[in-house]
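What follows is model_24.cif (mmCIF, C-alpha atoms).
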data_coords
#
loop_
_atom_site.label_atom_id
_atom_site.label_comp_id
_atom_site.auth_asym_id
_atom_site.auth_seq_id
_atom_site.Cartn_x
_atom_site.Cartn_y
_atom_site.Cartn_z
CA MET Y 293 32.30 14.97 -1.80
CA GLY Y 294 30.61 14.21 1.45
CA ASP Y 295 30.94 11.33 3.84
CA ARG Y 296 29.59 8.11 2.21
CA THR Y 297 27.97 7.10 5.51
CA SER Y 298 25.90 10.31 5.36
CA PRO Y 299 25.82 11.09 1.65
CA ARG Y 300 24.90 14.38 0.05
CA ALA Y 301 22.10 13.49 -2.30
CA ALA Y 302 20.08 14.95 -5.13
CA ILE Y 303 16.80 13.83 -6.60
CA LEU Y 304 15.79 14.86 -10.10
CA GLY Y 305 12.01 15.13 -10.27
CA GLY Y 306 9.32 15.66 -7.69
CA GLY Y 307 6.64 13.04 -8.35
CA GLY Y 308 5.73 9.70 -6.81
CA THR Y 309 9.06 8.02 -7.49
CA ALA Y 310 10.82 10.98 -5.90
CA VAL Y 311 8.89 10.28 -2.69
CA SER Y 312 10.25 6.72 -2.67
CA ALA Y 313 13.73 8.08 -3.35
CA LEU Y 314 13.37 10.45 -0.39
CA ALA Y 315 12.41 7.59 1.90
CA ALA Y 316 15.40 5.55 0.71
CA LEU Y 317 17.77 8.47 1.25
CA VAL Y 318 16.43 8.98 4.77
CA GLU Y 319 17.19 5.28 5.40
CA LEU Y 320 20.71 5.90 4.05
CA ASN Y 321 21.11 8.74 6.56
CA ALA Y 322 21.62 11.39 3.87
CA SER Y 323 23.09 14.57 5.32
CA GLU Y 324 21.46 16.72 2.65
CA ILE Y 325 18.86 16.07 -0.04
CA VAL Y 326 18.21 18.58 -2.81
CA VAL Y 327 15.14 17.93 -4.93
CA PHE Y 328 15.59 19.47 -8.39
CA VAL Y 329 12.35 20.06 -10.30
CA ARG Y 330 11.13 21.80 -13.40
CA ASN Y 331 8.04 23.18 -11.65
CA PRO Y 332 8.31 23.76 -7.87
CA ALA Y 333 4.53 24.04 -7.47
CA LYS Y 334 4.11 20.41 -8.55
CA ALA Y 335 6.55 19.20 -5.87
CA ALA Y 336 4.57 20.48 -2.86
CA ASP Y 337 3.35 16.99 -1.92
CA THR Y 338 6.88 15.59 -2.19
CA MET Y 339 8.26 18.26 0.11
CA GLU Y 340 5.42 17.64 2.56
CA VAL Y 341 6.46 13.98 2.71
CA ALA Y 342 10.09 15.08 3.18
CA GLU Y 343 9.03 17.14 6.18
CA THR Y 344 7.01 14.24 7.61
CA LEU Y 345 10.03 11.94 7.24
CA GLY Y 346 12.32 14.49 8.86
CA ALA Y 347 14.44 14.53 5.70
CA PRO Y 348 17.09 17.25 5.43
CA ALA Y 349 15.55 18.26 2.09
CA SER Y 350 15.35 21.45 0.10
CA LEU Y 351 13.75 22.27 -3.23
CA SER Y 352 15.56 23.78 -6.20
CA THR Y 353 14.82 24.29 -9.88
CA PHE Y 354 16.63 22.66 -12.78
CA GLU Y 355 18.28 25.99 -13.47
CA GLY Y 356 21.85 25.54 -12.29
CA ALA Y 357 21.40 21.83 -11.54
CA ALA Y 358 23.93 20.81 -14.18
CA THR Y 359 26.74 22.63 -12.41
CA ALA Y 360 25.68 21.33 -8.98
CA LEU Y 361 25.23 17.61 -9.71
CA GLY Y 362 28.91 16.69 -9.71
CA GLY Y 363 29.16 17.64 -6.04
CA PHE Y 364 26.68 15.01 -4.83
CA ASP Y 365 27.55 11.53 -3.58
CA VAL Y 366 24.23 10.13 -4.81
CA VAL Y 367 21.92 11.38 -7.55
CA ILE Y 368 18.60 9.68 -8.22
CA SER Y 369 16.85 10.63 -11.43
CA THR Y 370 13.15 9.88 -11.13
CA LEU Y 371 12.39 11.51 -14.47
CA PRO Y 372 10.64 9.71 -17.32
CA PRO Y 373 12.65 8.58 -20.37
CA ARG Y 374 14.37 11.43 -22.22
CA ALA Y 375 13.15 14.06 -19.72
CA ALA Y 376 16.71 14.57 -18.48
CA ASP Y 377 18.32 14.81 -21.93
CA GLY Y 378 18.70 18.60 -21.79
CA LEU Y 379 20.12 18.41 -18.28
CA ALA Y 380 22.49 15.67 -19.42
CA ALA Y 381 23.80 17.86 -22.25
CA ASP Y 382 24.27 20.76 -19.83
CA PHE Y 383 26.06 18.51 -17.33
CA ALA Y 384 28.35 17.13 -20.05
CA ALA Y 385 29.16 20.67 -21.21
CA SER Y 386 29.70 21.98 -17.66
CA GLY Y 387 33.04 20.25 -17.24
CA GLN Y 388 31.93 18.93 -13.84
CA GLU Y 389 33.56 15.71 -12.73
CA SER Y 390 31.69 13.24 -10.58
CA ALA Y 391 32.80 10.54 -8.19
CA GLY Y 392 29.19 9.97 -7.20
CA ILE Y 393 26.61 7.34 -8.00
CA LEU Y 394 23.67 7.96 -10.33
CA LEU Y 395 20.56 5.80 -10.17
CA ASP Y 396 18.55 6.59 -13.27
CA VAL Y 397 15.13 4.98 -12.91
CA ALA Y 398 14.52 5.27 -16.65
CA TYR Y 399 15.50 2.01 -18.31
CA ASP Y 400 14.40 2.48 -21.90
CA PRO Y 401 16.23 3.66 -23.87
CA TRP Y 402 19.35 2.51 -22.10
CA PRO Y 403 21.78 3.92 -21.48
CA SER Y 404 20.03 7.25 -21.08
CA ALA Y 405 21.72 10.48 -22.12
CA LEU Y 406 22.13 11.29 -18.42
CA ALA Y 407 23.76 7.91 -17.70
CA LYS Y 408 26.20 8.40 -20.60
CA ALA Y 409 27.11 11.93 -19.46
CA TRP Y 410 27.49 10.82 -15.84
CA GLU Y 411 29.78 7.91 -16.72
CA ALA Y 412 31.83 10.09 -19.08
CA ARG Y 413 32.46 12.46 -16.16
CA GLY Y 414 33.79 9.67 -13.93
CA GLY Y 415 30.63 8.73 -12.04
CA THR Y 416 29.15 5.30 -11.41
CA VAL Y 417 25.77 4.51 -12.96
CA VAL Y 418 23.10 2.10 -11.76
CA ALA Y 419 20.44 1.35 -14.37
CA GLY Y 420 16.78 1.64 -13.53
CA ILE Y 421 16.25 -1.96 -14.57
CA GLU Y 422 18.12 -2.95 -11.38
CA MET Y 423 15.55 -1.11 -9.29
CA LEU Y 424 12.73 -2.71 -11.27
CA LEU Y 425 14.23 -6.18 -10.76
CA TYR Y 426 14.42 -5.93 -6.98
CA GLN Y 427 11.07 -4.16 -6.76
CA GLY Y 428 9.63 -7.19 -8.56
CA VAL Y 429 11.20 -9.56 -6.03
CA GLU Y 430 9.55 -7.65 -3.19
CA GLN Y 431 6.21 -7.87 -5.00
CA VAL Y 432 6.57 -11.65 -5.41
CA LYS Y 433 7.19 -11.87 -1.65
CA LEU Y 434 4.05 -9.86 -0.92
CA PHE Y 435 1.94 -11.90 -3.37
CA ALA Y 436 3.18 -15.19 -1.87
CA GLU Y 437 2.28 -14.08 1.65
CA ALA Y 438 -1.07 -12.54 0.67
CA GLY Y 439 -2.00 -15.60 -1.37
CA GLY Y 440 -1.39 -17.94 1.54
CA TYR Y 441 1.71 -19.51 -0.02
CA GLY Y 442 3.93 -18.63 2.92
CA THR Y 443 7.15 -16.69 2.82
CA LEU Y 444 9.79 -16.78 0.15
CA ALA Y 445 12.84 -18.57 1.54
CA THR Y 446 16.27 -17.06 0.90
CA ASP Y 447 17.27 -19.85 -1.51
CA GLN Y 448 13.98 -19.43 -3.39
CA GLN Y 449 14.63 -15.70 -3.62
CA GLY Y 450 17.76 -16.38 -5.70
CA ASP Y 451 15.72 -18.56 -8.07
CA VAL Y 452 13.08 -15.82 -8.44
CA ILE Y 453 15.78 -13.21 -9.12
CA ASN Y 454 17.33 -15.38 -11.83
CA VAL Y 455 13.99 -16.05 -13.52
CA MET Y 456 13.34 -12.31 -13.53
CA CYS Y 457 16.84 -11.65 -14.90
CA ASP Y 458 16.13 -14.09 -17.74
CA ALA Y 459 12.79 -12.39 -18.43
CA ILE Y 460 14.30 -8.90 -18.74
CA GLY Y 461 17.49 -9.99 -20.50
CA VAL Y 462 20.10 -9.15 -17.84
CA HIS Y 463 22.79 -11.37 -16.35
CA ARG Y 464 21.83 -13.80 -13.61
CA ARG Y 465 22.84 -12.89 -10.06
CA ASN Y 466 23.58 -16.33 -8.65
CA PRO Y 467 26.77 -17.84 -10.19
CA HIS Y 468 25.63 -21.40 -9.34
CA GLU Y 469 22.37 -20.83 -11.24
CA GLN Y 470 24.29 -19.24 -14.13
CA ASN Y 471 26.46 -22.33 -14.54
CA MET Y 472 23.45 -24.65 -14.42
CA ALA Y 473 21.64 -22.63 -17.10
CA GLY Y 474 24.65 -22.32 -19.41
#
So, in terms of structure tokens, how does the structure I just supplied come out?
Amino acid sequence: MGDRTSPRAAILGGGGTAVSALAALVELNASEIVVFVRNPAKAADTMEVAETLGAPASLSTFEGAATALGGFDVVISTLPPRAADGLAADFAASGQESAGILLDVAYDPWPSALAKAWEARGGTVVAGIEMLLYQGVEQVKLFAEAGGYGTLATDQQGDVINVMCDAIGVHRRNPHEQNMAG
């Protein structure tokens, strides 16, 4: 495994969400980013963005991905629900162990086959619903500012997060709010 301050990273998929993942990995100072895709021709725009961002990115096909994934510090699956099921089965059968983190943006069904395989091989999994939750908070901030309601104060942000947690059926983030609601 690489240095966690400059993680080796993989992205599964080459569409719009992969572009966001690339930008996030550049912010995390990734030392290497491999974009695994089913069809390299469809990832040309993603790789163009990688070049623009100065990302240390390369493109690879899904063939052989299952045996490579365990060696990454961070893996971000940007694939739609069930699209990684075959890869998950191959990863589970590969015998690869993982100490890395998987962010699987798919959140229904949960856990995904990839999340189950990753966890079974020792890796840490972050559900896509977490990304959706915090993406929603950022949107509320933008709407508040654009609508002339001002900025969202830090203490209000916790309230918004907890309301969103209630709406999507996940645990609240602020222990004080949890106790008040219970």
For this session: Go through the shown structure with the PyMOL selection byres ((chain Y and resi 398) around 7) and write out the matching residues as an MDAnalysis selection string.
Result: chainID Y and resid 371:373 396:397 399:400 420
Exercise. Once the PyMOL selection byres ((chain Y and resi 345) around 12) has been applied to the shown file, what residues remain in the selection, as a list in words?
Worked result: Val311, Ser312, Ala313, Leu314, Ala315, Ala316, Leu317, Val318, Glu319, Asn321, Thr338, Met339, Glu340, Val341, Ala342, Glu343, Thr344, Gly346, Ala347, Pro348 and Ala349 of chain Y
How would the residues just picked look written out with C-alpha atoms as an mmCIF file, in the frame of the given file?
data_model
loop_
_atom_site.group_PDB
_atom_site.id
_atom_site.type_symbol
_atom_site.label_atom_id
_atom_site.label_comp_id
_atom_site.auth_asym_id
_atom_site.auth_seq_id
_atom_site.Cartn_x
_atom_site.Cartn_y
_atom_site.Cartn_z
ATOM 1 C CA VAL Y 311 8.890 10.280 -2.690
ATOM 2 C CA SER Y 312 10.250 6.720 -2.670
ATOM 3 C CA ALA Y 313 13.730 8.080 -3.350
ATOM 4 C CA LEU Y 314 13.370 10.450 -0.390
ATOM 5 C CA ALA Y 315 12.410 7.590 1.900
ATOM 6 C CA ALA Y 316 15.400 5.550 0.710
ATOM 7 C CA LEU Y 317 17.770 8.470 1.250
ATOM 8 C CA VAL Y 318 16.430 8.980 4.770
ATOM 9 C CA GLU Y 319 17.190 5.280 5.400
ATOM 10 C CA ASN Y 321 21.110 8.740 6.560
ATOM 11 C CA THR Y 338 6.880 15.590 -2.190
ATOM 12 C CA MET Y 339 8.260 18.260 0.110
ATOM 13 C CA GLU Y 340 5.420 17.640 2.560
ATOM 14 C CA VAL Y 341 6.460 13.980 2.710
ATOM 15 C CA ALA Y 342 10.090 15.080 3.180
ATOM 16 C CA GLU Y 343 9.030 17.140 6.180
ATOM 17 C CA THR Y 344 7.010 14.240 7.610
ATOM 18 C CA GLY Y 346 12.320 14.490 8.860
ATOM 19 C CA ALA Y 347 14.440 14.530 5.700
ATOM 20 C CA PRO Y 348 17.090 17.250 5.430
ATOM 21 C CA ALA Y 349 15.550 18.260 2.090
#
For this session: Convert the output of the PyMOL selection byres ((chain Y and resi 350-366) around 6) on the shown file into explicit residues, formatted as a ChimeraX atom specification.
Result: /Y:293,299-301,326-330,349,367,382-383,388-390,392-394
Seminar exercise, completed: Students should find that atom CA of Ser323 of chain Y and atom CA of Ser298 of chain Y are spaced 5.1 Å
Exercise. Atom CA of Gln449 of chain Y and atom CA of Glu430 of chain Y, how far apart in Å?
Worked result: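 We find that atom CA of Glu430 of chain Y and atom CA of Gln449 of chain Y lie 9.5 Å from each other.
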Problem set entry | Interatomic distance, atom CA of Ala384 of chain Y to atom CA of Arg413 of chain Y (Å, one decimal) | 7.3 Å
Using the file's own x, y and z axes, so that the box edges lie along x, y and z, what centre and edge lengths in Å (one decimal) does a box around every listed atom of segment 306-311 of chain Y get when 8 Å is added on each side? Give it as AutoDock Vina command-line options.
--center_x 8.3 --center_y 11.8 --center_z -5.5 --size_x 21.1 --size_y 23.6 --size_z 21.7
Exercise. With all atoms listed in the file as the basis for distance, which of Y:Leu379, Y:Ala436, Y:Ala391, Y:Val429 is at the shortest distance from Gly414 of chain Y?
Worked result: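 Looking only at the distances to Gly414 of chain Y, the closest residue turns out to be Y:Ala391.
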Problem set entry | Spatial neighbours of Asp377 of chain Y, 8 Å, all atoms listed in the file, chain gap at least 4 places, as a PyMOL selection string | chain Y and resi 381+404-406
Save the residues we just selected, C-alpha atoms, as a compact mmCIF listing (two decimals), in the coordinates of the input?
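Below you can see out_38.txt, which holds the result:
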# COMPACT_ATOMS: atom_id res chain seq x y z
CA ALA Y 381 23.80 17.86 -22.25
CA SER Y 404 20.03 7.25 -21.08
CA ALA Y 405 21.72 10.48 -22.12
CA LEU Y 406 22.13 11.29 -18.42
Problem set entry | Residue nearest Leu425 of chain Y among Y:Glu437, Y:Ile460, Y:Pro403, Y:Ile325 (counting only C-alpha atoms) | Y:Ile460
